[in-house]
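Visitor: Pasting target_21.cif here (mmCIF, C-alpha atoms):
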```
data_query
#
loop_
_atom_site.group_PDB
_atom_site.id
_atom_site.type_symbol
_atom_site.label_atom_id
_atom_site.label_comp_id
_atom_site.auth_asym_id
_atom_site.auth_seq_id
_atom_site.Cartn_x
_atom_site.Cartn_y
_atom_site.Cartn_z
ATOM 1 C CA MET X 938 -20.731 8.091 -21.933
ATOM 2 C CA ALA X 939 -21.140 4.890 -23.938
ATOM 3 C CA ALA X 940 -19.320 2.970 -21.205
ATOM 4 C CA VAL X 941 -22.143 3.983 -18.854
ATOM 5 C CA SER X 942 -25.315 4.193 -20.947
ATOM 6 C CA GLY X 943 -24.811 0.817 -22.592
ATOM 7 C CA GLY X 944 -25.365 -1.009 -19.319
ATOM 8 C CA GLY X 945 -21.654 -0.973 -18.585
ATOM 9 C CA CYS X 946 -21.804 0.472 -15.076
ATOM 10 C CA GLY X 947 -23.405 -0.754 -11.861
ATOM 11 C CA PHE X 948 -24.001 1.464 -8.846
ATOM 12 C CA VAL X 949 -23.666 0.698 -5.150
ATOM 13 C CA LEU X 950 -25.265 2.969 -2.565
ATOM 14 C CA VAL X 951 -24.022 2.573 1.003
ATOM 15 C CA ALA X 952 -27.131 3.436 3.016
ATOM 16 C CA GLY X 953 -26.832 1.909 6.463
ATOM 17 C CA GLY X 954 -27.046 5.145 8.454
ATOM 18 C CA LEU X 955 -29.733 7.148 10.193
ATOM 19 C CA GLY X 956 -29.839 10.941 10.171
ATOM 20 C CA GLU X 957 -29.606 11.390 13.950
ATOM 21 C CA ARG X 958 -26.459 13.533 13.842
ATOM 22 C CA LEU X 959 -28.280 15.815 11.410
ATOM 23 C CA GLY X 960 -31.274 16.151 13.732
ATOM 24 C CA TYR X 961 -33.375 13.793 11.607
ATOM 25 C CA SER X 962 -34.909 10.615 12.990
ATOM 26 C CA GLY X 963 -35.360 8.792 9.673
ATOM 27 C CA ILE X 964 -32.979 7.245 7.162
ATOM 28 C CA LYS X 965 -30.480 9.579 5.543
ATOM 29 C CA VAL X 966 -31.448 8.677 1.962
ATOM 30 C CA GLN X 967 -34.918 10.058 2.724
ATOM 31 C CA LEU X 968 -33.527 13.481 3.612
ATOM 32 C CA PRO X 969 -34.301 16.225 1.071
ATOM 33 C CA SER X 970 -31.359 16.852 -1.240
ATOM 34 C CA GLN X 971 -32.590 20.451 -1.609
ATOM 35 C CA LEU X 972 -35.465 22.436 -0.170
ATOM 36 C CA THR X 973 -37.298 23.800 -3.216
ATOM 37 C CA THR X 974 -38.628 20.426 -4.404
ATOM 38 C CA GLY X 975 -37.952 18.219 -1.382
ATOM 39 C CA THR X 976 -36.446 15.558 -3.671
ATOM 40 C CA THR X 977 -34.917 12.882 -1.466
ATOM 41 C CA TYR X 978 -31.365 11.728 -1.944
ATOM 42 C CA LEU X 979 -32.540 8.277 -3.018
ATOM 43 C CA GLU X 980 -34.833 9.743 -5.682
ATOM 44 C CA LEU X 981 -32.068 12.074 -6.860
ATOM 45 C CA TYR X 982 -29.602 9.215 -7.257
ATOM 46 C CA ILE X 983 -32.090 7.037 -9.126
ATOM 47 C CA ARG X 984 -33.160 9.877 -11.437
ATOM 48 C CA HIS X 985 -29.529 10.562 -12.260
ATOM 49 C CA ILE X 986 -28.843 6.875 -12.980
ATOM 50 C CA LEU X 987 -31.920 6.701 -15.228
ATOM 51 C CA ALA X 988 -30.737 9.815 -17.074
ATOM 52 C CA LEU X 989 -27.355 8.181 -17.665
ATOM 53 C CA GLN X 990 -29.149 5.010 -18.779
ATOM 54 C CA GLY X 991 -31.303 6.769 -21.351
ATOM 55 C CA SER X 992 -32.770 4.260 -23.784
ATOM 56 C CA GLY X 993 -29.954 1.781 -23.224
ATOM 57 C CA ALA X 994 -29.792 -1.352 -21.129
ATOM 58 C CA PRO X 995 -30.821 -0.992 -17.452
ATOM 59 C CA LEU X 996 -28.060 0.201 -15.140
ATOM 60 C CA PRO X 997 -28.245 -1.900 -11.949
ATOM 61 C CA LEU X 998 -28.317 -0.386 -8.467
ATOM 62 C CA ALA X 999 -27.397 -2.230 -5.269
ATOM 63 C CA ILE X 1000 -28.220 -0.667 -1.906
ATOM 64 C CA MET X 1001 -26.553 -1.792 1.311
ATOM 65 C CA THR X 1002 -28.875 -1.300 4.272
ATOM 66 C CA SER X 1003 -28.555 -2.142 7.952
ATOM 67 C CA GLY X 1004 -30.970 -3.283 10.620
ATOM 68 C CA ASP X 1005 -31.614 0.402 11.308
ATOM 69 C CA THR X 1006 -32.474 1.327 7.718
ATOM 70 C CA ASP X 1007 -33.619 -1.780 5.841
ATOM 71 C CA ALA X 1008 -37.390 -1.613 6.433
ATOM 72 C CA GLN X 1009 -37.583 2.152 5.836
ATOM 73 C CA THR X 1010 -35.510 1.934 2.648
ATOM 74 C CA ARG X 1011 -37.712 -0.807 1.224
ATOM 75 C CA ALA X 1012 -40.845 1.133 2.185
ATOM 76 C CA LEU X 1013 -39.537 4.287 0.473
ATOM 77 C CA LEU X 1014 -38.845 2.360 -2.736
ATOM 78 C CA ASP X 1015 -42.193 0.532 -2.639
ATOM 79 C CA ALA X 1016 -44.172 3.722 -2.020
ATOM 80 C CA ASN X 1017 -42.583 5.357 -5.050
ATOM 81 C CA ALA X 1018 -42.425 2.428 -7.501
ATOM 82 C CA ASN X 1019 -38.620 2.413 -7.289
ATOM 83 C CA PHE X 1020 -38.683 6.023 -8.558
ATOM 84 C CA GLY X 1021 -38.950 4.675 -12.093
ATOM 85 C CA MET X 1022 -36.475 1.803 -12.026
ATOM 86 C CA ARG X 1023 -37.663 -1.518 -13.406
ATOM 87 C CA ALA X 1024 -38.469 -4.536 -11.269
ATOM 88 C CA GLY X 1025 -35.226 -6.374 -10.577
ATOM 89 C CA GLN X 1026 -33.078 -3.343 -11.357
ATOM 90 C CA VAL X 1027 -32.625 -2.601 -7.631
ATOM 91 C CA THR X 1028 -30.938 -5.125 -5.338
ATOM 92 C CA ILE X 1029 -30.910 -4.679 -1.557
ATOM 93 C CA VAL X 1030 -28.265 -6.353 0.600
ATOM 94 C CA ARG X 1031 -28.491 -5.994 4.383
ATOM 95 C CA GLN X 1032 -25.560 -5.930 6.781
ATOM 96 C CA GLU X 1033 -25.883 -7.325 10.284
ATOM 97 C CA LYS X 1034 -24.933 -5.636 13.536
ATOM 98 C CA VAL X 1035 -22.179 -6.616 15.968
ATOM 99 C CA ALA X 1036 -21.992 -6.405 19.754
ATOM 100 C CA CYS X 1037 -20.542 -3.219 21.265
ATOM 101 C CA LEU X 1038 -17.579 -3.071 23.622
ATOM 102 C CA ALA X 1039 -17.825 -1.078 26.843
ATOM 103 C CA ASP X 1040 -14.168 -0.596 27.776
ATOM 104 C CA ASN X 1041 -10.516 -1.366 27.051
ATOM 105 C CA ASP X 1042 -10.993 -4.890 28.394
ATOM 106 C CA ALA X 1043 -13.593 -5.515 25.669
ATOM 107 C CA ARG X 1044 -16.461 -6.145 28.069
ATOM 108 C CA LEU X 1045 -19.729 -6.397 26.156
ATOM 109 C CA ALA X 1046 -22.000 -3.365 26.546
ATOM 110 C CA ALA X 1047 -25.616 -3.745 27.625
ATOM 111 C CA ASP X 1048 -28.388 -1.934 25.803
ATOM 112 C CA PRO X 1049 -29.266 1.115 27.941
ATOM 113 C CA LYS X 1050 -32.944 0.551 27.108
ATOM 114 C CA ASP X 1051 -32.871 -3.108 28.170
ATOM 115 C CA PRO X 1052 -30.127 -4.464 30.486
ATOM 116 C CA TYR X 1053 -30.915 -8.010 29.306
ATOM 117 C CA LYS X 1054 -29.907 -7.234 25.729
ATOM 118 C CA LEU X 1055 -26.541 -6.442 24.204
ATOM 119 C CA LEU X 1056 -26.025 -3.080 22.591
ATOM 120 C CA THR X 1057 -25.264 -3.552 18.889
ATOM 121 C CA LYS X 1058 -24.112 -1.312 16.038
ATOM 122 C CA PRO X 1059 -23.456 -1.848 12.307
ATOM 123 C CA HIS X 1060 -20.110 -3.472 11.481
ATOM 124 C CA GLY X 1061 -18.993 -0.636 9.195
ATOM 125 C CA HIS X 1062 -19.340 0.057 5.484
ATOM 126 C CA GLY X 1063 -16.611 -2.481 4.643
ATOM 127 C CA ASP X 1064 -19.290 -5.177 4.800
ATOM 128 C CA VAL X 1065 -20.466 -4.021 1.381
ATOM 129 C CA HIS X 1066 -17.775 -6.090 -0.371
ATOM 130 C CA TYR X 1067 -18.737 -9.317 1.415
ATOM 131 C CA LEU X 1068 -22.437 -8.724 0.783
ATOM 132 C CA LEU X 1069 -22.021 -7.977 -2.924
ATOM 133 C CA HIS X 1070 -19.921 -11.120 -3.288
ATOM 134 C CA SER X 1071 -21.901 -13.534 -1.113
ATOM 135 C CA SER X 1072 -25.252 -12.464 -2.599
ATOM 136 C CA GLY X 1073 -24.030 -13.255 -6.117
ATOM 137 C CA THR X 1074 -24.741 -9.672 -7.194
ATOM 138 C CA LEU X 1075 -21.339 -9.013 -8.737
ATOM 139 C CA ASP X 1076 -21.270 -12.293 -10.650
ATOM 140 C CA ALA X 1077 -24.712 -11.525 -12.079
ATOM 141 C CA TRP X 1078 -23.581 -8.044 -13.095
ATOM 142 C CA LEU X 1079 -20.452 -9.447 -14.716
ATOM 143 C CA GLU X 1080 -22.516 -11.915 -16.739
ATOM 144 C CA SER X 1081 -24.821 -9.113 -17.913
ATOM 145 C CA GLY X 1082 -21.917 -7.081 -19.305
ATOM 146 C CA VAL X 1083 -21.284 -4.590 -16.494
ATOM 147 C CA GLN X 1084 -17.669 -3.383 -16.613
ATOM 148 C CA TRP X 1085 -17.532 -0.779 -13.836
ATOM 149 C CA VAL X 1086 -18.869 -0.485 -10.279
ATOM 150 C CA TYR X 1087 -19.351 2.950 -8.735
ATOM 151 C CA PHE X 1088 -19.734 3.263 -4.956
ATOM 152 C CA MET X 1089 -21.734 6.202 -3.578
ATOM 153 C CA GLN X 1090 -22.409 7.457 -0.061
ATOM 154 C CA ASP X 1091 -25.914 8.223 1.154
ATOM 155 C CA THR X 1092 -25.872 12.053 1.173
ATOM 156 C CA ASN X 1093 -23.510 13.351 -1.502
ATOM 157 C CA ALA X 1094 -25.659 14.974 -4.171
ATOM 158 C CA PRO X 1095 -22.913 15.874 -6.724
ATOM 159 C CA SER X 1096 -21.306 12.419 -6.612
ATOM 160 C CA LEU X 1097 -22.673 11.211 -9.950
ATOM 161 C CA LYS X 1098 -21.630 14.313 -11.869
ATOM 162 C CA VAL X 1099 -17.991 13.204 -11.929
ATOM 163 C CA LEU X 1100 -18.657 9.613 -13.031
ATOM 164 C CA PRO X 1101 -18.060 10.001 -16.806
ATOM 165 C CA ALA X 1102 -14.743 11.729 -16.129
ATOM 166 C CA ALA X 1103 -13.760 9.090 -13.571
ATOM 167 C CA ILE X 1104 -14.464 6.264 -16.021
ATOM 168 C CA GLY X 1105 -12.549 8.094 -18.756
ATOM 169 C CA ILE X 1106 -9.508 8.508 -16.496
ATOM 170 C CA SER X 1107 -9.697 4.877 -15.387
ATOM 171 C CA ARG X 1108 -9.848 3.638 -18.981
ATOM 172 C CA ARG X 1109 -7.050 5.907 -20.167
ATOM 173 C CA ASN X 1110 -4.734 4.917 -17.312
ATOM 174 C CA GLN X 1111 -5.913 1.285 -17.076
ATOM 175 C CA LEU X 1112 -6.878 1.680 -13.422
ATOM 176 C CA ASP X 1113 -8.560 -1.133 -11.515
ATOM 177 C CA VAL X 1114 -9.435 1.255 -8.661
ATOM 178 C CA ASN X 1115 -10.069 4.987 -8.844
ATOM 179 C CA SER X 1116 -10.958 7.172 -5.848
ATOM 180 C CA VAL X 1117 -12.824 10.455 -6.228
ATOM 181 C CA CYS X 1118 -11.451 12.976 -3.743
ATOM 182 C CA VAL X 1119 -11.832 16.601 -2.645
ATOM 183 C CA PRO X 1120 -9.418 19.362 -1.579
ATOM 184 C CA ARG X 1121 -8.485 19.034 2.084
ATOM 185 C CA MET X 1122 -7.287 21.595 4.611
ATOM 186 C CA PRO X 1123 -4.529 20.648 7.111
ATOM 187 C CA GLY X 1124 -6.057 19.169 10.245
ATOM 188 C CA GLU X 1125 -9.469 18.783 8.618
ATOM 189 C CA SER X 1126 -11.499 15.864 9.972
ATOM 190 C CA ILE X 1127 -11.473 13.858 6.758
ATOM 191 C CA GLY X 1128 -9.192 11.002 5.760
ATOM 192 C CA GLY X 1129 -6.362 11.781 3.379
ATOM 193 C CA LEU X 1130 -5.258 9.864 0.280
ATOM 194 C CA MET X 1131 -1.539 9.171 0.578
ATOM 195 C CA LYS X 1132 1.086 7.155 -1.256
ATOM 196 C CA LEU X 1133 2.787 4.902 1.305
ATOM 197 C CA THR X 1134 6.197 3.355 0.644
ATOM 198 C CA HIS X 1135 7.252 0.225 2.518
ATOM 199 C CA ALA X 1136 10.813 -0.434 3.667
ATOM 200 C CA ASP X 1137 11.231 -2.971 0.855
ATOM 201 C CA GLY X 1138 10.220 -0.403 -1.776
ATOM 202 C CA ARG X 1139 6.614 -1.543 -2.302
ATOM 203 C CA THR X 1140 4.138 1.314 -2.630
ATOM 204 C CA GLN X 1141 0.402 1.620 -2.181
ATOM 205 C CA THR X 1142 -2.121 4.435 -2.352
ATOM 206 C CA ALA X 1143 -4.372 4.344 0.692
ATOM 207 C CA ASN X 1144 -6.766 6.378 2.782
ATOM 208 C CA VAL X 1145 -5.202 7.383 6.107
ATOM 209 C CA GLU X 1146 -7.651 8.344 8.854
ATOM 210 C CA TYR X 1147 -7.547 12.029 9.777
ATOM 211 C CA ASN X 1148 -6.595 11.324 13.401
ATOM 212 C CA GLN X 1149 -3.466 9.460 12.241
ATOM 213 C CA ILE X 1150 -2.196 11.762 9.472
ATOM 214 C CA ASP X 1151 -0.302 14.231 11.667
ATOM 215 C CA ALA X 1152 1.541 11.551 13.653
ATOM 216 C CA LEU X 1153 2.354 9.555 10.513
ATOM 217 C CA LEU X 1154 3.859 12.580 8.774
ATOM 218 C CA LYS X 1155 5.889 13.591 11.834
ATOM 219 C CA ALA X 1156 7.294 10.059 12.088
ATOM 220 C CA THR X 1157 8.249 9.904 8.407
ATOM 221 C CA VAL X 1158 8.575 12.752 5.919
ATOM 222 C CA GLU X 1159 7.353 15.994 7.550
ATOM 223 C CA PRO X 1160 8.534 16.960 11.077
ATOM 224 C CA ARG X 1161 5.864 19.697 11.229
ATOM 225 C CA GLY X 1162 3.092 17.202 10.648
ATOM 226 C CA ASP X 1163 -0.076 17.988 8.711
ATOM 227 C CA VAL X 1164 0.752 21.407 7.226
ATOM 228 C CA ALA X 1165 -0.374 23.299 4.137
ATOM 229 C CA ASP X 1166 1.321 23.336 0.756
ATOM 230 C CA PRO X 1167 2.569 26.950 0.431
ATOM 231 C CA ALA X 1168 1.510 27.057 -3.212
ATOM 232 C CA THR X 1169 -2.139 26.182 -2.562
ATOM 233 C CA GLY X 1170 -2.795 26.756 1.131
ATOM 234 C CA ARG X 1171 -4.285 23.268 1.257
ATOM 235 C CA SER X 1172 -3.012 19.897 2.398
ATOM 236 C CA PRO X 1173 -0.895 18.039 -0.190
ATOM 237 C CA TYR X 1174 -3.075 15.014 0.604
ATOM 238 C CA PRO X 1175 -6.608 15.236 -0.866
ATOM 239 C CA GLY X 1176 -9.604 14.206 1.177
ATOM 240 C CA SER X 1177 -11.213 10.796 0.699
ATOM 241 C CA ILE X 1178 -15.026 10.823 0.388
ATOM 242 C CA ASN X 1179 -15.413 7.083 -0.254
ATOM 243 C CA GLN X 1180 -16.595 7.543 -3.829
ATOM 244 C CA LEU X 1181 -14.856 4.585 -5.444
ATOM 245 C CA LEU X 1182 -14.826 3.322 -9.028
ATOM 246 C CA PHE X 1183 -13.771 -0.312 -9.543
ATOM 247 C CA ALA X 1184 -13.173 -2.231 -12.748
ATOM 248 C CA LEU X 1185 -15.608 -5.087 -12.140
ATOM 249 C CA GLY X 1186 -13.549 -7.970 -13.568
ATOM 250 C CA PRO X 1187 -10.484 -7.573 -11.307
ATOM 251 C CA TYR X 1188 -12.694 -6.562 -8.365
ATOM 252 C CA ALA X 1189 -14.884 -9.667 -8.593
ATOM 253 C CA ALA X 1190 -11.823 -11.895 -9.057
ATOM 254 C CA GLN X 1191 -10.239 -10.483 -5.899
ATOM 255 C CA LEU X 1192 -13.426 -11.038 -3.902
ATOM 256 C CA HIS X 1193 -13.517 -14.664 -5.029
ATOM 257 C CA LYS X 1194 -10.070 -15.015 -3.446
ATOM 258 C CA SER X 1195 -10.804 -13.141 -0.219
ATOM 259 C CA GLY X 1196 -14.495 -13.873 0.227
ATOM 260 C CA GLY X 1197 -14.998 -10.140 0.585
ATOM 261 C CA THR X 1198 -13.764 -9.968 4.167
ATOM 262 C CA MET X 1199 -12.059 -6.738 5.226
ATOM 263 C CA PRO X 1200 -9.598 -6.127 8.091
ATOM 264 C CA GLU X 1201 -11.307 -5.206 11.351
ATOM 265 C CA PHE X 1202 -10.281 -2.532 13.828
ATOM 266 C CA VAL X 1203 -11.542 -0.747 16.936
ATOM 267 C CA ASN X 1204 -11.662 3.052 17.019
ATOM 268 C CA PRO X 1205 -12.905 4.105 20.480
ATOM 269 C CA LYS X 1206 -13.565 7.739 21.360
ATOM 270 C CA TYR X 1207 -12.107 8.287 24.837
ATOM 271 C CA ALA X 1208 -13.638 10.514 27.491
ATOM 272 C CA ASP X 1209 -10.310 12.135 28.468
ATOM 273 C CA ALA X 1210 -6.548 11.999 27.987
ATOM 274 C CA SER X 1211 -6.150 9.058 30.353
ATOM 275 C CA LYS X 1212 -7.739 6.833 27.678
ATOM 276 C CA THR X 1213 -9.351 4.584 30.262
ATOM 277 C CA LYS X 1214 -13.021 5.367 29.667
ATOM 278 C CA PHE X 1215 -14.987 5.479 26.427
ATOM 279 C CA LYS X 1216 -17.329 8.370 25.640
ATOM 280 C CA SER X 1217 -19.716 5.721 24.369
ATOM 281 C CA PRO X 1218 -19.433 2.002 23.591
ATOM 282 C CA THR X 1219 -17.444 1.106 20.477
ATOM 283 C CA ARG X 1220 -17.400 -1.971 18.231
ATOM 284 C CA LEU X 1221 -15.332 -3.943 15.768
ATOM 285 C CA GLU X 1222 -15.720 -2.341 12.379
ATOM 286 C CA CYS X 1223 -14.296 -2.465 8.880
ATOM 287 C CA MET X 1224 -13.918 0.087 6.116
ATOM 288 C CA MET X 1225 -14.872 -0.184 2.450
ATOM 289 C CA GLN X 1226 -11.699 1.534 1.213
#
```
Taking this structure as input, can you express it in the form of structure tokens?
Guide:
Amino acid sequence: MAAVSGGGCGFVLVAGGLGERLGYSGIKVQLPSQLTTGTTYLELYIRHILALQGSGAPLPLAIMTSGDTDAQTRALLDANANFGMRAGQVTIVRQEKVACLADNDARLAADPKDPYKLLTKPHGHGDVHYLLHSSGTLDAWLESGVQWVYFMQDTNAPSLKVLPAAIGISRRNQLDVNSVCVPRMPGESIGGLMKLTHADGRTQTANVEYNQIDALLKATVEPRGDVADPATGRSPYPGSINQLLFALGPYAAQLHKSGGTMPEFVNPKYADASKTKFKSPTRLECMMQ
């Protein structure tokens, strides 16, 4: 716990999303984390960080917002005096949106509410690395003695409970990157953490998107594809929930080399098997992991 409470850990909350898929019109961090008290996710996270902080040095929190969530996130913090965090303890970095693509020929999509405007969407949570670097946030944290950076998603209430154990494992095994994961069932719509081996013998541990796992396994090590481990009934590849713990020194050094840019990709959802028409416009995006 000393590695956390002594100001040694900074927190990054990825909060660029709205709650539309959950039937909620506001920002997801304003959703109640449980019904008895109505405590919002943002308040829950901040209370937990303050509990870890105790009487020690302030533990910094950075929040990545988007054009959809920035004003509401700031208003929620202002209305509640940062839920107890000191002035300057919370840093907000805002990601910009990118134009959407309407079809396989990458024609730009018009906004359905205004044909004279382009439809735009956030660029993906991978922007968080560029924003933390370009804003000078990580350098400031490094100078203040922060040693670890913990990335959290906007609606995962238990995420902070595992932090002390994650830091302990990272210290014991001298890990620069540690990924918190969950058990995964075969075919479940969640990315899987897998160890990939290149033809030249190089290996890397990476998140493989759920819609690519079955084909990858069939083409390499498992002709049956994404099947259960007989001993557990679960997939041998745990699910990635994008809860990442980075050692700040190596992380900041790498961002100084790369500028924080992440590889981009397009992941359209097609209307049918012909793969000629999108269900809805897509965009270039990047992933934080």
Visitor: If I take CA of Asp1005 (chain X) and CA of Lys1058 (chain X), how far is one from the other in Å, to one decimal?
Guide: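 According to the coordinates, CA of Asp1005 (chain X) and CA of Lys1058 (chain X) are separated by 9.0 Å.
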Visitor: Evaluating the PyMOL selection byres ((chain X and resi 1004) around 10) on the displayed file yields which residues, as a PyMOL selection string?
Guide: chain X and resi 953-954+1002-1003+1005-1009+1031-1034+1058-1059
Visitor: What would the selection look like, as a list in words, if the PyMOL selection byres ((chain X and resi 1145-1150) around 9) were run on the coordinates I just shared?
Guide: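 This file, filtered by the PyMOL selection byres ((chain X and resi 1145-1150) around 9), leaves Gly1124, Glu1125, Ser1126, Ile1127, Gly1128, Gly1129, Leu1130, Met1131, Ala1143, Asn1144, Asp1151, Ala1152, Leu1153, Leu1154, Lys1155, Gly1162, Asp1163 and Ser1177 of chain X.
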Visitor: Step by step, work through what the PyMOL selection byres ((chain X and resi 985-998) around 12) selects in the shown file, and finish by giving those residues as an MDAnalysis selection string.
Guide: chainID X and resid 938:951 978:984 999:1001 1019:1030 1069 1074:1075 1077:1079 1081:1089 1094:1101
Visitor: Using only C-alpha atoms - which residues lie no farther than 7 Å from the point (-7.3, -2.0, -13.6) in the file's frame? Write them as a PyMOL selection string.
Guide: chain X and resi 1111-1114+1184+1187
Visitor: Restore all heavy atoms in region 984-992 of chain X and list the result as an mmCIF file, in the coordinates of the input.
Guide:
```cif
data_model
loop_
_atom_site.group_PDB
_atom_site.id
_atom_site.type_symbol
_atom_site.label_atom_id
_atom_site.label_comp_id
_atom_site.auth_asym_id
_atom_site.auth_seq_id
_atom_site.Cartn_x
_atom_site.Cartn_y
_atom_site.Cartn_z
ATOM 1 N N ARG X 984 -32.890 9.053 -10.259
ATOM 2 C CA ARG X 984 -33.160 9.877 -11.437
ATOM 3 C C ARG X 984 -31.887 10.094 -12.258
ATOM 4 O O ARG X 984 -31.910 10.063 -13.491
ATOM 5 C CB ARG X 984 -33.730 11.230 -11.008
ATOM 6 C CG ARG X 984 -35.200 11.213 -10.633
ATOM 7 C CD ARG X 984 -35.669 12.633 -10.357
ATOM 8 N NE ARG X 984 -37.091 12.719 -10.084
ATOM 9 C CZ ARG X 984 -37.726 13.868 -9.856
ATOM 10 N NH1 ARG X 984 -37.052 15.009 -9.877
ATOM 11 N NH2 ARG X 984 -39.016 13.882 -9.610
ATOM 12 N N HIS X 985 -30.797 10.329 -11.562
ATOM 13 C CA HIS X 985 -29.529 10.562 -12.260
ATOM 14 C C HIS X 985 -29.087 9.291 -12.990
ATOM 15 O O HIS X 985 -28.633 9.350 -14.141
ATOM 16 C CB HIS X 985 -28.461 11.000 -11.256
ATOM 17 C CG HIS X 985 -27.347 11.772 -11.867
ATOM 18 N ND1 HIS X 985 -26.816 12.922 -11.320
ATOM 19 C CD2 HIS X 985 -26.636 11.569 -13.005
ATOM 20 C CE1 HIS X 985 -25.845 13.378 -12.083
ATOM 21 N NE2 HIS X 985 -25.711 12.569 -13.112
ATOM 22 N N ILE X 986 -29.216 8.137 -12.335
ATOM 23 C CA ILE X 986 -28.843 6.875 -12.980
ATOM 24 C C ILE X 986 -29.721 6.621 -14.203
ATOM 25 O O ILE X 986 -29.232 6.204 -15.265
ATOM 26 C CB ILE X 986 -28.947 5.712 -11.975
ATOM 27 C CG1 ILE X 986 -27.884 5.865 -10.878
ATOM 28 C CG2 ILE X 986 -28.785 4.369 -12.686
ATOM 29 C CD1 ILE X 986 -28.062 4.912 -9.716
ATOM 30 N N LEU X 987 -31.019 6.897 -14.091
ATOM 31 C CA LEU X 987 -31.920 6.701 -15.228
ATOM 32 C C LEU X 987 -31.585 7.662 -16.367
ATOM 33 O O LEU X 987 -31.718 7.317 -17.542
ATOM 34 C CB LEU X 987 -33.373 6.886 -14.780
ATOM 35 C CG LEU X 987 -33.922 5.792 -13.857
ATOM 36 C CD1 LEU X 987 -35.326 6.145 -13.379
ATOM 37 C CD2 LEU X 987 -33.926 4.433 -14.544
ATOM 38 N N ALA X 988 -31.146 8.868 -16.027
ATOM 39 C CA ALA X 988 -30.737 9.815 -17.074
ATOM 40 C C ALA X 988 -29.487 9.316 -17.796
ATOM 41 O O ALA X 988 -29.382 9.437 -19.022
ATOM 42 C CB ALA X 988 -30.495 11.189 -16.463
ATOM 43 N N LEU X 989 -28.539 8.759 -17.043
ATOM 44 C CA LEU X 989 -27.355 8.181 -17.665
ATOM 45 C C LEU X 989 -27.722 6.971 -18.523
ATOM 46 O O LEU X 989 -27.136 6.731 -19.577
ATOM 47 C CB LEU X 989 -26.355 7.757 -16.581
ATOM 48 C CG LEU X 989 -25.641 8.880 -15.823
ATOM 49 C CD1 LEU X 989 -24.891 8.304 -14.621
ATOM 50 C CD2 LEU X 989 -24.663 9.617 -16.731
ATOM 51 N N GLN X 990 -28.710 6.219 -18.074
ATOM 52 C CA GLN X 990 -29.149 5.010 -18.779
ATOM 53 C C GLN X 990 -29.789 5.352 -20.118
ATOM 54 O O GLN X 990 -29.551 4.680 -21.122
ATOM 55 C CB GLN X 990 -30.153 4.272 -17.884
ATOM 56 C CG GLN X 990 -30.828 3.084 -18.497
ATOM 57 C CD GLN X 990 -31.827 2.468 -17.524
ATOM 58 O OE1 GLN X 990 -31.480 2.111 -16.396
ATOM 59 N NE2 GLN X 990 -33.080 2.378 -17.923
ATOM 60 N N GLY X 991 -30.608 6.394 -20.125
ATOM 61 C CA GLY X 991 -31.303 6.769 -21.351
ATOM 62 C C GLY X 991 -32.139 5.624 -21.881
ATOM 63 O O GLY X 991 -32.865 4.963 -21.136
ATOM 64 N N SER X 992 -32.014 5.349 -23.163
ATOM 65 C CA SER X 992 -32.770 4.260 -23.784
ATOM 66 C C SER X 992 -31.964 2.973 -23.857
ATOM 67 O O SER X 992 -32.389 2.007 -24.490
ATOM 68 C CB SER X 992 -33.202 4.665 -25.195
ATOM 69 O OG SER X 992 -32.058 4.963 -25.994
#
```
